[in-house]
Amino acid sequence: MHPPKKYLILILISYLIIGFFTSCSKTTTTTTTSPTNYYKTENVIIIVMDGARYSETWGEPTHSLIPSIANNIAPKGVINNNFRNNGTTSTSPGHLAICSGQYYNLNNGGGQLPPFPTMFQYFNEKYPTKNSWIITSKDKLEVLANTSHTSYNNLHLPNTNCGINGMGSGYRADDITLNVVLNVFNTQHPNLTLINFREPDFTAHSNDSIGYIKQISNVDSLINIIFNFVENDSIYNGTTSIFITNDHGRHDNLNGGFAGHGDSCEGCRHLLFCAYGPDFKENVVINTPREQIDIAVTIAEILSFNLPNTNGQIMQELFK
Ligand SMILES: [Zn+2]
Ligand SMILES: [Zn+2]
């Protein structure tokens, strides 16, 4: 009598133990399966309006020079009126800060590769089958595609279409850049794109105040064409975030005026910032102090790739 009873108890205990561990392992499996990406954004477009001063963009109370950004895009996105370049206020260093999350005084003439990779190389390293582009009116910005860092030199490079025909070929007009952008978007739908429109900066350097003002409005209309493309495209609509900003501003009127830039005056530092996308708030104006290096960090967060060596922060206040 005794042995069978003992066996029954042992079998019962075994079932209980097996059942316990089976249910445990099921629970464990479920909880460790985290979503690959929490965000709806699959594609990011950064548009840089080169060298427009804040006092002519969002800082002008009626926003008369940026009607598309103010009336069409801002109601569907977030404006930050407290956004700055806190590094070198020139074209190449400004774009590098936006694209890498690091301030570095890169040679402004295009003669130097960044000593560290931008987010494009980290993005392409993580997602080798995805597609990224740098499309710029200024040829010198092609340096952003590569780095002199030995671990990343000539690896994971984005596609480029810069200036008339690449590095050393000279600047081109912004409407040509727009045509390249629309062609690439239509045929390839890249997942990460940097666009540079040169005209406000280029015209201001010739001390042409009327031309400078006119070119801000012209770039505003080009940005609107890109925005409308994204909203009406079956692949991009609902999956694409857009950042609109400047690489640098221009001297305020007490520090030499609109023709030049490059120092630490408020006119050179203070920038336009607008973010639009499926994960961002709508029709909100915020004044959280933010800066260029926060853009790359925020993009690395929403597209889920690693961006080392940055002091930038995720702009949490943008998110719904
Ligand atoms: Zn300039
Ligand atoms: Zn200045």
# chains A, B, ... in the order shown; residues from 1 in each chain; ligands from 1
$ residues_around --residues "segment 95-107 of chain A" --least-positions-apart "2" --cutoff "7 Å" --atoms "only C-alpha atoms" --output "ChimeraX atom specification"
/A:87-88,91-93,109-112,114,117-119,144,247,292-297,310-312
$ write_last_selection --atoms "N, CA and C atoms" --output "PDB file, in the first residue's frame"
ATOM      1  N   GLY A  87      27.234  75.995 -31.070  1.00  0.00           N
ATOM      2  CA  GLY A  87      28.599  75.727 -31.504  1.00  0.00           C
ATOM      3  C   GLY A  87      29.070  76.817 -32.450  1.00  0.00           C
ATOM      4  N   THR A  88      29.825  76.440 -33.462  1.00  0.00           N
ATOM      5  CA  THR A  88      30.290  77.398 -34.463  1.00  0.00           C
ATOM      6  C   THR A  88      29.150  77.715 -35.420  1.00  0.00           C
ATOM      7  N   THR A  91      28.186  77.236 -41.843  1.00  0.00           N
ATOM      8  CA  THR A  91      27.395  76.221 -42.544  1.00  0.00           C
ATOM      9  C   THR A  91      27.812  74.785 -42.220  1.00  0.00           C
ATOM     10  N   SER A  92      29.081  74.456 -42.450  1.00  0.00           N
ATOM     11  CA  SER A  92      29.485  73.052 -42.271  1.00  0.00           C
ATOM     12  C   SER A  92      29.415  72.609 -40.807  1.00  0.00           C
ATOM     13  N   PRO A  93      29.936  73.408 -39.849  1.00  0.00           N
ATOM     14  CA  PRO A  93      29.794  73.002 -38.443  1.00  0.00           C
ATOM     15  C   PRO A  93      28.337  72.913 -37.995  1.00  0.00           C
ATOM     16  N   GLY A 109      35.010  75.036 -45.577  1.00  0.00           N
ATOM     17  CA  GLY A 109      35.156  75.037 -47.028  1.00  0.00           C
ATOM     18  C   GLY A 109      34.982  73.679 -47.683  1.00  0.00           C
ATOM     19  N   GLY A 110      34.751  72.640 -46.904  1.00  0.00           N
ATOM     20  CA  GLY A 110      34.578  71.308 -47.480  1.00  0.00           C
ATOM     21  C   GLY A 110      35.868  70.511 -47.572  1.00  0.00           C
ATOM     22  N   GLY A 111      36.977  71.071 -47.041  1.00  0.00           N
ATOM     23  CA  GLY A 111      38.263  70.406 -47.169  1.00  0.00           C
ATOM     24  C   GLY A 111      38.588  69.408 -46.064  1.00  0.00           C
ATOM     25  N   GLN A 112      37.620  69.105 -45.231  1.00  0.00           N
ATOM     26  CA  GLN A 112      37.905  68.230 -44.079  1.00  0.00           C
ATOM     27  C   GLN A 112      36.709  67.313 -43.830  1.00  0.00           C
ATOM     28  N   PRO A 114      34.532  65.045 -41.280  1.00  0.00           N
ATOM     29  CA  PRO A 114      34.351  65.048 -39.825  1.00  0.00           C
ATOM     30  C   PRO A 114      35.200  63.944 -39.186  1.00  0.00           C
ATOM     31  N   PRO A 117      31.741  59.818 -37.216  1.00  0.00           N
ATOM     32  CA  PRO A 117      30.638  59.611 -38.159  1.00  0.00           C
ATOM     33  C   PRO A 117      29.421  60.456 -37.803  1.00  0.00           C
ATOM     34  N   THR A 118      28.615  60.789 -38.801  1.00  0.00           N
ATOM     35  CA  THR A 118      27.306  61.380 -38.533  1.00  0.00           C
ATOM     36  C   THR A 118      26.299  60.252 -38.334  1.00  0.00           C
ATOM     37  N   MET A 119      25.073  60.627 -38.040  1.00  0.00           N
ATOM     38  CA  MET A 119      24.030  59.615 -37.828  1.00  0.00           C
ATOM     39  C   MET A 119      23.767  58.789 -39.075  1.00  0.00           C
ATOM     40  N   LEU A 144      29.651  65.486 -45.160  1.00  0.00           N
ATOM     41  CA  LEU A 144      28.868  64.894 -44.070  1.00  0.00           C
ATOM     42  C   LEU A 144      28.600  63.410 -44.285  1.00  0.00           C
ATOM     43  N   ASP A 247      21.032  76.101 -40.161  1.00  0.00           N
ATOM     44  CA  ASP A 247      22.377  75.736 -39.708  1.00  0.00           C
ATOM     45  C   ASP A 247      22.946  76.812 -38.782  1.00  0.00           C
ATOM     46  N   GLN A 292      20.933  72.396 -31.539  1.00  0.00           N
ATOM     47  CA  GLN A 292      21.120  71.568 -32.726  1.00  0.00           C
ATOM     48  C   GLN A 292      21.454  70.113 -32.422  1.00  0.00           C
ATOM     49  N   ILE A 293      22.324  69.884 -31.425  1.00  0.00           N
ATOM     50  CA  ILE A 293      22.771  68.511 -31.156  1.00  0.00           C
ATOM     51  C   ILE A 293      21.637  67.615 -30.650  1.00  0.00           C
ATOM     52  N   ASP A 294      20.497  68.223 -30.259  1.00  0.00           N
ATOM     53  CA  ASP A 294      19.364  67.418 -29.799  1.00  0.00           C
ATOM     54  C   ASP A 294      18.601  66.776 -30.968  1.00  0.00           C
ATOM     55  N   ILE A 295      18.788  67.293 -32.177  1.00  0.00           N
ATOM     56  CA  ILE A 295      18.044  66.750 -33.328  1.00  0.00           C
ATOM     57  C   ILE A 295      18.500  65.326 -33.633  1.00  0.00           C
ATOM     58  N   ALA A 296      19.816  65.115 -33.767  1.00  0.00           N
ATOM     59  CA  ALA A 296      20.322  63.776 -34.107  1.00  0.00           C
ATOM     60  C   ALA A 296      19.951  62.761 -33.027  1.00  0.00           C
ATOM     61  N   VAL A 297      20.012  63.182 -31.775  1.00  0.00           N
ATOM     62  CA  VAL A 297      19.696  62.273 -30.662  1.00  0.00           C
ATOM     63  C   VAL A 297      18.218  61.880 -30.700  1.00  0.00           C
ATOM     64  N   THR A 310      27.589  61.721 -27.808  1.00  0.00           N
ATOM     65  CA  THR A 310      26.868  62.979 -27.964  1.00  0.00           C
ATOM     66  C   THR A 310      26.451  63.525 -26.610  1.00  0.00           C
ATOM     67  N   ASN A 311      26.415  64.854 -26.500  1.00  0.00           N
ATOM     68  CA  ASN A 311      25.863  65.506 -25.315  1.00  0.00           C
ATOM     69  C   ASN A 311      24.427  65.963 -25.542  1.00  0.00           C
ATOM     70  N   GLY A 312      23.885  65.652 -26.715  1.00  0.00           N
ATOM     71  CA  GLY A 312      22.502  66.039 -27.018  1.00  0.00           C
ATOM     72  C   GLY A 312      21.505  65.243 -26.190  1.00  0.00           C
TER      73      GLY A 312
END
$ residues_near_ligand --ligand "ligand 1" --cutoff "8 Å" --atoms "only C-alpha atoms and all ligand atoms" --output "ChimeraX atom specification"
/A:50-51,90-91,201-202,204-205,260-262
$ write_last_selection --atoms "all heavy atoms" --output "short mmCIF file (atom, residue, chain, number, x, y, z; two decimals), in the first residue's frame"
data_model
loop_
_atom_site.label_atom_id
_atom_site.label_comp_id
_atom_site.auth_asym_id
_atom_site.auth_seq_id
_atom_site.Cartn_x
_atom_site.Cartn_y
_atom_site.Cartn_z
N ASP A 50 19.29 77.50 -45.09
CA ASP A 50 20.63 77.96 -44.76
C ASP A 50 20.67 79.44 -44.40
O ASP A 50 20.28 80.30 -45.20
CB ASP A 50 21.55 77.69 -45.97
CG ASP A 50 23.03 77.65 -45.57
OD1 ASP A 50 23.47 78.52 -44.81
OD2 ASP A 50 23.72 76.73 -46.05
N GLY A 51 21.11 79.74 -43.17
CA GLY A 51 21.44 81.12 -42.80
C GLY A 51 20.30 82.11 -42.74
O GLY A 51 20.50 83.30 -42.98
N SER A 90 28.55 78.55 -38.46
CA SER A 90 28.84 78.53 -39.89
C SER A 90 28.18 77.30 -40.51
O SER A 90 27.72 76.41 -39.79
CB SER A 90 30.35 78.47 -40.14
OG SER A 90 30.99 79.59 -39.56
N THR A 91 28.19 77.24 -41.84
CA THR A 91 27.39 76.22 -42.54
C THR A 91 27.81 74.79 -42.22
O THR A 91 26.99 73.97 -41.78
CB THR A 91 27.49 76.46 -44.07
OG1 THR A 91 26.89 77.72 -44.36
CG2 THR A 91 26.74 75.37 -44.83
N ASP A 201 21.19 82.38 -47.17
CA ASP A 201 22.58 82.66 -46.80
C ASP A 201 23.36 83.24 -47.98
O ASP A 201 24.06 84.25 -47.85
CB ASP A 201 23.25 81.36 -46.34
CG ASP A 201 24.67 81.62 -45.84
OD1 ASP A 201 24.81 82.27 -44.80
OD2 ASP A 201 25.62 81.17 -46.50
N PHE A 202 23.22 82.61 -49.13
CA PHE A 202 23.99 83.00 -50.31
C PHE A 202 23.67 84.44 -50.71
O PHE A 202 24.57 85.23 -51.02
CB PHE A 202 23.67 82.03 -51.45
CG PHE A 202 24.49 82.23 -52.68
CD1 PHE A 202 25.81 81.81 -52.71
CD2 PHE A 202 23.95 82.82 -53.81
CE1 PHE A 202 26.58 81.98 -53.85
CE2 PHE A 202 24.71 82.99 -54.96
CZ PHE A 202 26.02 82.58 -54.96
N ALA A 204 22.23 86.82 -48.76
CA ALA A 204 22.56 87.78 -47.70
C ALA A 204 24.03 88.17 -47.73
O ALA A 204 24.38 89.31 -47.44
CB ALA A 204 22.20 87.18 -46.34
N HIS A 205 24.91 87.23 -48.10
CA HIS A 205 26.35 87.55 -48.12
C HIS A 205 26.68 88.65 -49.13
O HIS A 205 27.71 89.29 -49.01
CB HIS A 205 27.16 86.29 -48.44
CG HIS A 205 27.40 85.42 -47.24
ND1 HIS A 205 28.04 85.88 -46.11
CD2 HIS A 205 27.07 84.13 -46.99
CE1 HIS A 205 28.10 84.90 -45.21
NE2 HIS A 205 27.52 83.83 -45.72
N GLY A 260 26.43 89.11 -42.57
CA GLY A 260 27.42 88.11 -42.11
C GLY A 260 26.92 87.27 -40.96
O GLY A 260 25.81 87.44 -40.45
N HIS A 261 27.75 86.33 -40.56
CA HIS A 261 27.43 85.44 -39.43
C HIS A 261 28.72 84.78 -38.98
O HIS A 261 29.76 84.92 -39.62
CB HIS A 261 26.39 84.39 -39.84
CG HIS A 261 26.86 83.49 -40.95
ND1 HIS A 261 27.57 82.34 -40.72
CD2 HIS A 261 26.74 83.60 -42.29
CE1 HIS A 261 27.84 81.76 -41.89
NE2 HIS A 261 27.37 82.51 -42.86
N GLY A 262 28.67 84.03 -37.89
CA GLY A 262 29.84 83.24 -37.50
C GLY A 262 30.30 83.43 -36.07
O GLY A 262 31.22 82.74 -35.63
#
$ residues_near_ligand --ligand "ligand 2" --cutoff "9 Å" --atoms "only C-alpha atoms and all ligand atoms" --output "ChimeraX atom specification"
/A:89,249-253,255-258,260-269
$ residues_around --residues "His156 of chain A" --least-positions-apart "2" --cutoff "6 Å" --atoms "only C-alpha atoms" --output "PyMOL selection string"
chain A and resi 121+124-125
$ select_by_dssp --residues "segment 95-282 of chain A" --states "strand (DSSP E)" --output "ChimeraX atom specification"
/A:132-136,159-162,192-197,240-245,270-271,273-276
$ residues_around --residues "Val230 of chain A" --least-positions-apart "2" --cutoff "10 Å" --atoms "only C-alpha atoms" --output "MDAnalysis selection string"
chainID A and resid 45 185 189 224:228 232:242
$ write_last_selection --atoms "all heavy atoms" --output "short mmCIF file (atom, residue, chain, number, x, y, z; two decimals), in the first residue's frame"
data_model
loop_
_atom_site.label_atom_id
_atom_site.label_comp_id
_atom_site.auth_asym_id
_atom_site.auth_seq_id
_atom_site.Cartn_x
_atom_site.Cartn_y
_atom_site.Cartn_z
N ILE A 45 12.99 63.25 -42.46
CA ILE A 45 13.52 64.24 -43.41
C ILE A 45 13.93 65.48 -42.61
O ILE A 45 13.13 66.01 -41.83
CB ILE A 45 12.44 64.63 -44.45
CG1 ILE A 45 11.96 63.40 -45.23
CG2 ILE A 45 12.97 65.72 -45.39
CD1 ILE A 45 10.65 63.63 -45.97
N PHE A 185 12.62 61.01 -53.85
CA PHE A 185 11.48 60.59 -53.02
C PHE A 185 10.53 59.70 -53.82
O PHE A 185 10.06 58.67 -53.34
CB PHE A 185 10.72 61.81 -52.48
CG PHE A 185 11.39 62.47 -51.30
CD1 PHE A 185 12.65 62.07 -50.85
CD2 PHE A 185 10.75 63.49 -50.60
CE1 PHE A 185 13.25 62.67 -49.76
CE2 PHE A 185 11.34 64.10 -49.50
CZ PHE A 185 12.59 63.69 -49.08
N HIS A 189 11.94 56.61 -52.00
CA HIS A 189 11.40 56.80 -50.65
C HIS A 189 12.44 56.51 -49.56
O HIS A 189 12.28 55.58 -48.77
CB HIS A 189 10.16 55.92 -50.44
CG HIS A 189 8.98 56.38 -51.24
ND1 HIS A 189 8.72 55.90 -52.50
CD2 HIS A 189 8.02 57.29 -50.97
CE1 HIS A 189 7.63 56.49 -52.98
NE2 HIS A 189 7.19 57.35 -52.07
N ASN A 224 7.21 73.82 -48.48
CA ASN A 224 5.79 73.46 -48.56
C ASN A 224 5.53 72.38 -49.61
O ASN A 224 4.68 71.49 -49.41
CB ASN A 224 4.96 74.71 -48.87
CG ASN A 224 3.51 74.54 -48.51
OD1 ASN A 224 3.20 73.99 -47.44
ND2 ASN A 224 2.61 74.98 -49.37
N ILE A 225 6.26 72.43 -50.71
CA ILE A 225 6.11 71.41 -51.76
C ILE A 225 6.52 70.04 -51.20
O ILE A 225 5.85 69.02 -51.43
CB ILE A 225 6.94 71.80 -53.00
CG1 ILE A 225 6.31 73.03 -53.67
CG2 ILE A 225 7.02 70.63 -53.99
CD1 ILE A 225 7.18 73.66 -54.76
N ILE A 226 7.63 70.01 -50.44
CA ILE A 226 8.07 68.74 -49.84
C ILE A 226 7.04 68.26 -48.81
O ILE A 226 6.68 67.07 -48.77
CB ILE A 226 9.45 68.92 -49.18
CG1 ILE A 226 10.50 69.22 -50.25
CG2 ILE A 226 9.83 67.69 -48.35
CD1 ILE A 226 11.86 69.63 -49.70
N PHE A 227 6.54 69.18 -48.00
CA PHE A 227 5.53 68.83 -46.99
C PHE A 227 4.29 68.25 -47.65
O PHE A 227 3.76 67.21 -47.22
CB PHE A 227 5.18 70.08 -46.17
CG PHE A 227 4.14 69.83 -45.11
CD1 PHE A 227 4.47 69.18 -43.94
CD2 PHE A 227 2.83 70.24 -45.31
CE1 PHE A 227 3.50 68.95 -42.96
CE2 PHE A 227 1.86 70.01 -44.34
CZ PHE A 227 2.20 69.36 -43.16
N ASN A 228 3.81 68.90 -48.71
CA ASN A 228 2.62 68.40 -49.39
C ASN A 228 2.88 67.05 -50.05
O ASN A 228 1.99 66.18 -50.09
CB ASN A 228 2.13 69.41 -50.43
CG ASN A 228 1.50 70.63 -49.77
OD1 ASN A 228 1.01 70.55 -48.63
ND2 ASN A 228 1.53 71.76 -50.46
N ASN A 232 0.70 63.62 -49.11
CA ASN A 232 -0.12 63.01 -50.16
C ASN A 232 0.49 61.74 -50.75
O ASN A 232 -0.07 61.17 -51.69
CB ASN A 232 -0.37 64.03 -51.28
CG ASN A 232 -1.21 65.19 -50.79
OD1 ASN A 232 -2.31 64.99 -50.30
ND2 ASN A 232 -0.68 66.40 -50.89
N ASP A 233 1.59 61.29 -50.20
CA ASP A 233 2.26 60.11 -50.73
C ASP A 233 1.84 58.88 -49.92
O ASP A 233 1.86 58.89 -48.69
CB ASP A 233 3.78 60.29 -50.64
CG ASP A 233 4.53 59.12 -51.24
OD1 ASP A 233 4.63 59.06 -52.49
OD2 ASP A 233 4.99 58.25 -50.47
N SER A 234 1.49 57.80 -50.62
CA SER A 234 0.93 56.63 -49.93
C SER A 234 1.95 55.96 -49.02
O SER A 234 1.58 55.34 -48.02
CB SER A 234 0.39 55.63 -50.95
OG SER A 234 1.44 55.20 -51.79
N ILE A 235 3.24 56.06 -49.33
CA ILE A 235 4.26 55.44 -48.48
C ILE A 235 4.67 56.38 -47.34
O ILE A 235 4.81 55.96 -46.19
CB ILE A 235 5.51 55.07 -49.33
CG1 ILE A 235 5.12 53.98 -50.34
CG2 ILE A 235 6.67 54.60 -48.45
CD1 ILE A 235 6.21 53.65 -51.35
N TYR A 236 4.82 57.65 -47.64
CA TYR A 236 5.32 58.60 -46.63
C TYR A 236 4.25 59.08 -45.64
O TYR A 236 4.55 59.38 -44.49
CB TYR A 236 5.95 59.81 -47.32
CG TYR A 236 7.43 59.67 -47.61
CD1 TYR A 236 8.07 60.58 -48.46
CD2 TYR A 236 8.20 58.65 -47.04
CE1 TYR A 236 9.44 60.47 -48.73
CE2 TYR A 236 9.55 58.53 -47.32
CZ TYR A 236 10.16 59.44 -48.15
OH TYR A 236 11.51 59.34 -48.41
N ASN A 237 2.99 59.16 -46.11
CA ASN A 237 1.95 59.71 -45.26
C ASN A 237 1.75 58.86 -44.00
O ASN A 237 1.55 57.65 -44.09
CB ASN A 237 0.64 59.81 -46.03
CG ASN A 237 -0.48 60.37 -45.18
OD1 ASN A 237 -0.25 61.23 -44.32
ND2 ASN A 237 -1.68 59.87 -45.37
N GLY A 238 1.85 59.48 -42.83
CA GLY A 238 1.62 58.79 -41.57
C GLY A 238 2.82 58.01 -41.05
O GLY A 238 2.75 57.41 -39.97
N THR A 239 3.91 57.99 -41.81
CA THR A 239 5.10 57.24 -41.38
C THR A 239 6.35 58.12 -41.37
O THR A 239 7.45 57.61 -41.12
CB THR A 239 5.37 56.06 -42.34
OG1 THR A 239 5.62 56.58 -43.66
CG2 THR A 239 4.22 55.09 -42.39
N THR A 240 6.19 59.41 -41.66
CA THR A 240 7.36 60.25 -41.92
C THR A 240 7.36 61.47 -41.01
O THR A 240 6.35 62.17 -40.89
CB THR A 240 7.36 60.69 -43.40
OG1 THR A 240 7.30 59.53 -44.20
CG2 THR A 240 8.60 61.50 -43.72
N SER A 241 8.49 61.73 -40.39
CA SER A 241 8.67 62.94 -39.59
C SER A 241 9.59 63.92 -40.31
O SER A 241 10.53 63.51 -41.00
CB SER A 241 9.27 62.60 -38.22
OG SER A 241 8.33 61.88 -37.45
N ILE A 242 9.30 65.21 -40.15
CA ILE A 242 10.07 66.27 -40.80
C ILE A 242 10.58 67.23 -39.73
O ILE A 242 9.81 67.65 -38.86
CB ILE A 242 9.21 67.04 -41.83
CG1 ILE A 242 8.62 66.09 -42.87
CG2 ILE A 242 10.02 68.15 -42.49
CD1 ILE A 242 7.63 66.77 -43.82
#
$ closest_residue --among "A:Ile216, A:Leu192, A:Leu178, A:Val184" --to "Glu42 of chain A" --atoms "only C-alpha atoms"
A:Leu192
$ atom_distance --atom1 "atom CA of Pro158 of chain A" --atom2 "atom CA of Ile69 of chain A"
27.8 Å
$ residues_around --residues "Glu282 of chain A" --least-positions-apart "4" --cutoff "8 Å" --atoms "only C-alpha atoms" --output "MDAnalysis selection string"
chainID A and resid 74:78 276
$ select_by_dssp --residues "segment 32-158 of chain A" --states "helix (DSSP H, G or I)" --output "JSON, numbers by chain"
{"A": [32, 54, 55, 56, 67, 68, 69, 70, 71, 72, 73, 74, 75, 76, 91, 92, 93, 94, 95, 96, 97, 98, 99, 100, 119, 120, 121, 122, 123, 124, 125, 126, 139, 140, 141, 142, 143, 144, 145]}
$ closest_residue --among "A:Phe123, A:Ile244, A:Ser55, A:Thr62" --to "Ala300 of chain A" --atoms "only C-alpha atoms"
A:Phe123
$ residues_around --residues "Ser132 of chain A" --least-positions-apart "2" --cutoff "9 Å" --atoms "only C-alpha atoms" --output "VMD selection string"
chain A and resid 120 123 to 124 130 134 157 to 160 190 to 194
$ residues_around --residues "Thr136 of chain A" --least-positions-apart "3" --cutoff "8 Å" --atoms "only C-alpha atoms" --output "PyMOL selection string"
chain A and resi 139+141-142+161-163+177+194-198
$ closest_residue --among "A:Leu272, A:Leu182, A:Leu222, A:Ile286" --to "Glu199 of chain A" --atoms "only C-alpha atoms"
A:Leu222
$ closest_residue --among "A:Ser304, A:Thr187, A:Thr57, A:Thr298" --to "Asn131 of chain A" --atoms "only C-alpha atoms"
A:Thr187
$ atom_distance --atom1 "atom CA of Tyr122 of chain A" --atom2 "atom CA of Gln188 of chain A"
20.0 Å
